[in-house]
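What's in start-v4.txt: compact mmCIF, C-alpha atoms
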# COMPACT_ATOMS: atom_id res chain seq x y z
CA MET J 12 -6.48 1.25 39.18
CA THR J 13 -4.55 4.04 37.50
CA TYR J 14 -3.00 3.99 34.06
CA ALA J 15 0.05 5.95 32.98
CA VAL J 16 -0.74 8.29 30.12
CA PRO J 17 1.93 7.95 27.40
CA LYS J 18 4.07 11.03 27.05
CA ARG J 19 3.17 13.10 23.98
CA LEU J 20 6.07 14.31 21.87
CA ASN J 21 6.51 17.19 19.48
CA PHE J 22 8.64 16.87 16.34
CA GLU J 23 11.84 18.20 17.93
CA GLU J 24 11.55 15.85 20.91
CA PHE J 25 10.91 12.93 18.61
CA ILE J 26 13.99 13.74 16.50
CA ALA J 27 16.16 14.08 19.60
CA GLU J 28 15.00 10.80 21.16
CA TYR J 29 14.05 8.60 18.21
CA GLY J 30 15.33 10.27 15.04
CA GLU J 31 17.86 7.53 14.28
CA ASN J 32 15.67 4.65 15.42
CA THR J 33 13.90 3.43 12.28
CA ARG J 34 11.43 1.43 14.36
CA TYR J 35 9.34 4.48 15.28
CA GLU J 36 7.34 7.27 13.75
CA LEU J 37 5.23 10.00 15.35
CA ILE J 38 1.53 10.57 14.70
CA ASP J 39 -0.30 13.37 16.51
CA GLY J 40 2.26 13.32 19.30
CA GLU J 41 2.00 9.55 19.82
CA LEU J 42 5.00 7.31 19.33
CA ARG J 43 4.11 4.48 16.92
CA ASP J 44 6.07 1.24 16.80
CA MET J 45 6.19 0.22 13.15
CA ASP J 46 6.64 -3.45 14.10
CA PRO J 47 9.36 -4.12 11.48
CA THR J 48 9.64 -7.91 11.24
CA GLY J 49 12.20 -9.59 9.01
CA LEU J 50 9.52 -10.41 6.45
CA HIS J 51 8.36 -6.78 6.46
CA GLU J 52 11.90 -5.55 5.83
CA ALA J 53 12.45 -8.12 3.07
CA VAL J 54 9.38 -6.89 1.19
CA ALA J 55 10.33 -3.23 1.65
CA GLY J 56 13.88 -3.95 0.44
CA SER J 57 12.60 -5.78 -2.62
CA ILE J 58 10.34 -2.86 -3.55
CA ALA J 59 13.13 -0.31 -3.03
CA GLY J 60 15.50 -2.39 -5.15
CA ARG J 61 13.09 -2.69 -8.05
CA ILE J 62 12.34 1.02 -7.97
CA PHE J 63 16.05 1.88 -7.85
CA VAL J 64 16.76 -0.30 -10.90
CA GLU J 65 13.94 1.41 -12.82
CA ILE J 66 15.19 4.88 -11.85
CA PHE J 67 18.69 3.92 -13.01
CA ARG J 68 17.41 2.35 -16.24
CA THR J 69 15.32 5.39 -17.20
CA GLN J 70 17.96 7.89 -15.97
CA LEU J 71 15.56 9.83 -13.77
CA ASN J 72 17.07 12.40 -11.41
CA TRP J 73 15.50 10.67 -8.41
CA LEU J 74 16.85 8.76 -5.42
CA VAL J 75 15.67 6.19 -2.89
CA PRO J 76 17.18 7.04 0.52
CA LYS J 77 17.83 4.30 3.03
CA ASN J 78 16.09 6.25 5.77
CA CYS J 79 13.82 9.29 5.60
CA LEU J 80 11.24 11.09 7.73
CA ILE J 81 8.42 13.21 6.37
CA LYS J 82 7.54 16.21 8.51
CA LEU J 83 4.05 17.54 7.94
CA LEU J 84 4.22 21.32 7.99
CA HIS J 85 0.61 21.62 9.20
CA ALA J 86 1.21 19.21 12.12
CA ASP J 87 3.97 19.92 14.65
CA ALA J 88 3.64 16.52 16.30
CA THR J 89 3.74 14.18 13.28
CA ALA J 90 6.76 12.60 11.58
CA LEU J 91 6.02 9.80 9.14
CA ARG J 92 8.70 7.24 8.30
CA PRO J 93 7.74 5.50 5.04
CA ASP J 94 9.15 2.08 4.24
CA VAL J 95 10.19 3.30 0.79
CA VAL J 96 10.30 6.87 -0.52
CA VAL J 97 11.40 8.26 -3.88
CA LEU J 98 12.78 11.80 -3.85
CA ASP J 99 13.40 14.29 -6.63
CA LYS J 100 17.07 15.31 -6.36
CA ALA J 101 16.35 18.66 -8.02
CA GLU J 102 14.06 19.64 -5.13
CA LEU J 103 16.41 18.73 -2.27
CA ASN J 104 18.06 22.16 -2.23
CA GLN J 105 14.66 23.58 -1.17
CA GLU J 106 14.46 21.29 1.86
CA PRO J 107 15.16 23.24 5.10
CA LEU J 108 16.31 20.24 7.19
CA TRP J 109 17.86 17.86 4.64
CA GLN J 110 21.46 19.05 5.08
CA LYS J 111 21.39 18.16 8.80
CA GLU J 112 18.72 15.44 9.08
CA PRO J 113 17.13 12.97 6.63
CA VAL J 114 13.85 14.91 6.90
CA ILE J 115 11.61 16.03 4.03
CA CYS J 116 9.19 18.91 4.60
CA ASN J 117 8.00 19.73 1.07
CA GLY J 118 5.61 17.41 -0.71
CA SER J 119 7.04 18.57 -4.06
CA THR J 120 10.27 16.69 -3.24
CA ILE J 121 8.45 13.35 -2.93
CA LYS J 122 7.54 11.41 -6.06
CA LEU J 123 6.33 8.18 -4.46
CA VAL J 124 5.83 6.61 -1.04
CA ALA J 125 5.37 2.90 -0.34
CA GLU J 126 4.18 1.49 2.98
CA VAL J 127 4.42 -2.21 3.79
CA VAL J 128 1.42 -2.99 5.97
CA SER J 129 2.00 -4.37 9.47
CA SER J 130 -0.10 -4.58 12.62
CA ASN J 131 -0.89 -0.84 12.55
CA TRP J 132 -2.67 -1.17 9.18
CA GLN J 133 -5.21 1.52 10.05
CA ASP J 134 -2.54 4.21 9.64
CA ASP J 135 -1.52 2.95 6.19
CA TYR J 136 -5.04 2.64 4.77
CA ALA J 137 -6.67 5.69 6.33
CA ARG J 138 -4.47 8.35 7.92
CA LYS J 139 -1.58 8.16 5.47
CA VAL J 140 -3.80 8.14 2.40
CA GLU J 141 -5.07 11.54 3.50
CA GLU J 142 -1.71 12.91 4.60
CA TYR J 143 0.10 11.89 1.41
CA ALA J 144 -2.70 13.34 -0.72
CA PHE J 145 -2.51 16.60 1.27
CA LEU J 146 1.21 16.73 0.44
CA ASN J 147 0.35 16.20 -3.26
CA ILE J 148 2.48 13.07 -3.50
CA PRO J 149 1.75 11.64 -6.99
CA GLU J 150 1.73 7.96 -5.97
CA TYR J 151 1.30 6.02 -2.76
CA TRP J 152 1.67 2.23 -2.70
CA ILE J 153 0.15 0.15 0.10
CA VAL J 154 1.74 -3.29 0.11
CA ASP J 155 -0.37 -5.63 2.24
CA PHE J 156 1.44 -8.91 1.61
CA ARG J 157 -0.21 -10.62 4.58
CA GLY J 158 -3.74 -9.38 3.92
CA LEU J 159 -4.00 -7.57 7.26
CA GLY J 160 -6.13 -4.59 6.23
CA GLY J 161 -9.75 -4.20 7.21
CA LEU J 162 -12.49 -5.72 5.08
CA GLN J 163 -13.56 -2.25 3.89
CA PHE J 164 -10.07 -1.78 2.42
CA ILE J 165 -9.14 -5.16 0.93
CA GLY J 166 -12.45 -7.04 0.76
CA ASN J 167 -13.66 -10.39 1.98
CA PRO J 168 -12.02 -12.88 2.05
CA LYS J 169 -8.83 -11.07 2.98
CA LYS J 170 -6.01 -11.73 0.54
CA PRO J 171 -2.56 -10.27 -0.12
CA THR J 172 -3.22 -6.91 -1.80
CA PHE J 173 -1.11 -4.25 -3.50
CA THR J 174 -2.93 -0.90 -3.69
CA VAL J 175 -1.71 1.89 -5.96
CA CYS J 176 -3.06 5.31 -4.97
CA GLN J 177 -2.66 7.84 -7.78
CA LEU J 178 -3.21 11.52 -7.09
CA VAL J 179 -6.03 12.96 -9.19
CA ASN J 180 -7.44 16.43 -8.40
CA GLY J 181 -5.97 16.39 -4.90
CA MET J 182 -7.30 12.95 -3.96
CA HIS J 183 -5.81 9.49 -4.26
CA GLN J 184 -7.70 7.19 -6.60
CA GLN J 185 -7.06 3.60 -5.61
CA GLN J 186 -6.49 0.52 -7.75
CA GLN J 187 -6.04 -2.87 -6.11
CA TYR J 188 -3.94 -5.74 -7.39
CA ARG J 189 -3.82 -9.35 -6.21
CA LEU J 190 -1.38 -12.19 -6.69
CA GLY J 191 -0.87 -12.79 -10.41
CA ASP J 192 -1.83 -9.23 -11.45
CA ARG J 193 0.64 -6.94 -13.22
CA ILE J 194 0.86 -3.75 -11.18
CA SER J 195 0.43 -0.51 -13.12
CA SER J 196 2.28 2.63 -12.04
CA HIS J 197 1.81 6.03 -13.65
CA LEU J 198 5.27 7.11 -12.47
CA PHE J 199 6.96 3.96 -13.74
CA PRO J 200 4.88 2.90 -16.76
CA ASN J 201 7.43 0.30 -17.92
CA LEU J 202 8.03 -1.25 -14.50
CA GLN J 203 7.40 -4.98 -14.59
CA LEU J 204 6.09 -5.81 -11.13
CA GLN J 205 3.77 -8.34 -9.54
CA LEU J 206 2.95 -8.87 -5.89
CA ASP J 207 4.08 -12.49 -6.27
CA GLU J 208 7.64 -11.34 -7.01
CA ILE J 209 8.08 -9.39 -3.78
CA MET J 210 6.38 -11.84 -1.44
CA PRO J 211 8.81 -13.13 1.22
CA ALA J 212 10.01 -16.70 0.88
Output the structure of this file as structure tokens.
Amino acid sequence: MTYAVPKRLNFEEFIAEYGENTRYELIDGELRDMDPTGLHEAVAGSIAGRIFVEIFRTQLNWLVPKNCLIKLLHADATALRPDVVVLDKAELNQEPLWQKEPVICNGSTIKLVAEVVSSNWQDDYARKVEEYAFLNIPEYWIVDFRGLGGLQFIGNPKKPTFTVCQLVNGMHQQQQYRLGDRISSHLFPNLQLQLDEIMPA
């Protein structure tokens, strides 16, 4: 029996074929289906909304785009599509692709990334922790509302978990929160947020 080897894509091919399809991202040349269920999108939307309100309230010069890709400069065949991303407006004029495509290349433009965990949880807990730290992104939130992550990441028994990764000396230090916990964010110190509040109905 023979198996078809999936076609590997570079960044330009991915943009041409899948750039506007928010279902996919590219990791090491492999097309990844982000499996965006309705519940997944509801949680991501709730997070984006709460962040937007806090940005507006504190009058920060940041924005939360509806759709955005992150191109890793050291990897020609990777394009990450976070569920929520916060960008520094002042840095956008340094972005080489932003005027033509919703693509960010410079880690200095990104203030925060949030990923809502789905079936491909390994990427969120392992690969992206490293990639976002390499880009010097100050905060990375992993929102595992279904408790899908591996035992080494969220413990046993598995429970809904909200992980805040804060960049310290080039590495993300992780703090986990469960239902009922008030989530603490260095970027948004006055943000009132609990995992319970963003859980889907």
Query - Who sits within 9 Å of segment 181-189 of chain J, all atoms listed in the file, same chain under 4 positions skipped, as a PyMOL selection string - result: chain J and resi 140-141+143-147+149-151+165+170-177+193-195+205-207
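The two atoms in question, atom CA of Asp192 of chain J and atom CA of Asp99 of chain J, are spaced 28.4 Å apart.
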Query - Residue neighbourhood segment 118-132 of chain J, 6 Å, only C-alpha atoms, exclusion window fewer than 2 positions, as a PyMOL selection string - result: chain J and resi 93-99+102+134-135+146-155+160
Report task. Between J:Leu80, J:Ala86, J:Leu71, J:Ala53, single out the one closest to Gly40 of chain J, counting all atoms listed in the file. Result -> J:Ala86
Report task. Please measure the separation of atom CA of Glu41 of chain J and atom CA of Leu159 of chain J, giving the value in Å to one decimal. Result -> 22.1 Å
Query raised in the report: Can you tell me how far atom CA of Gly49 of chain J sits from atom CA of Arg61 of chain J, in Å to one decimal?
Result: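 So the two atoms, atom CA of Gly49 of chain J and atom CA of Arg61 of chain J, lie 18.4 Å apart.
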Query - Glu24 of chain J environment, 12 Å, only C-alpha atoms, sequence neighbours closer than 5 positions dropped, as JSON, numbers by chain - result: {"J": [18, 19, 29, 30, 36, 37, 40, 41, 42, 87, 88, 89, 90]}
Query - Best match for closeness to Arg92 of chain J among J:Glu23, J:Glu28, J:Glu208, J:Asp44, counting only C-alpha atoms - result: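 Answer, going by the shortest atom-to-atom distance: J:Asp44.
The residue that comes closest to Ile115 of chain J, out of J:Arg34, J:Lys100, J:Lys139, J:His197 and on the basis of all atoms listed in the file, is J:Lys100.
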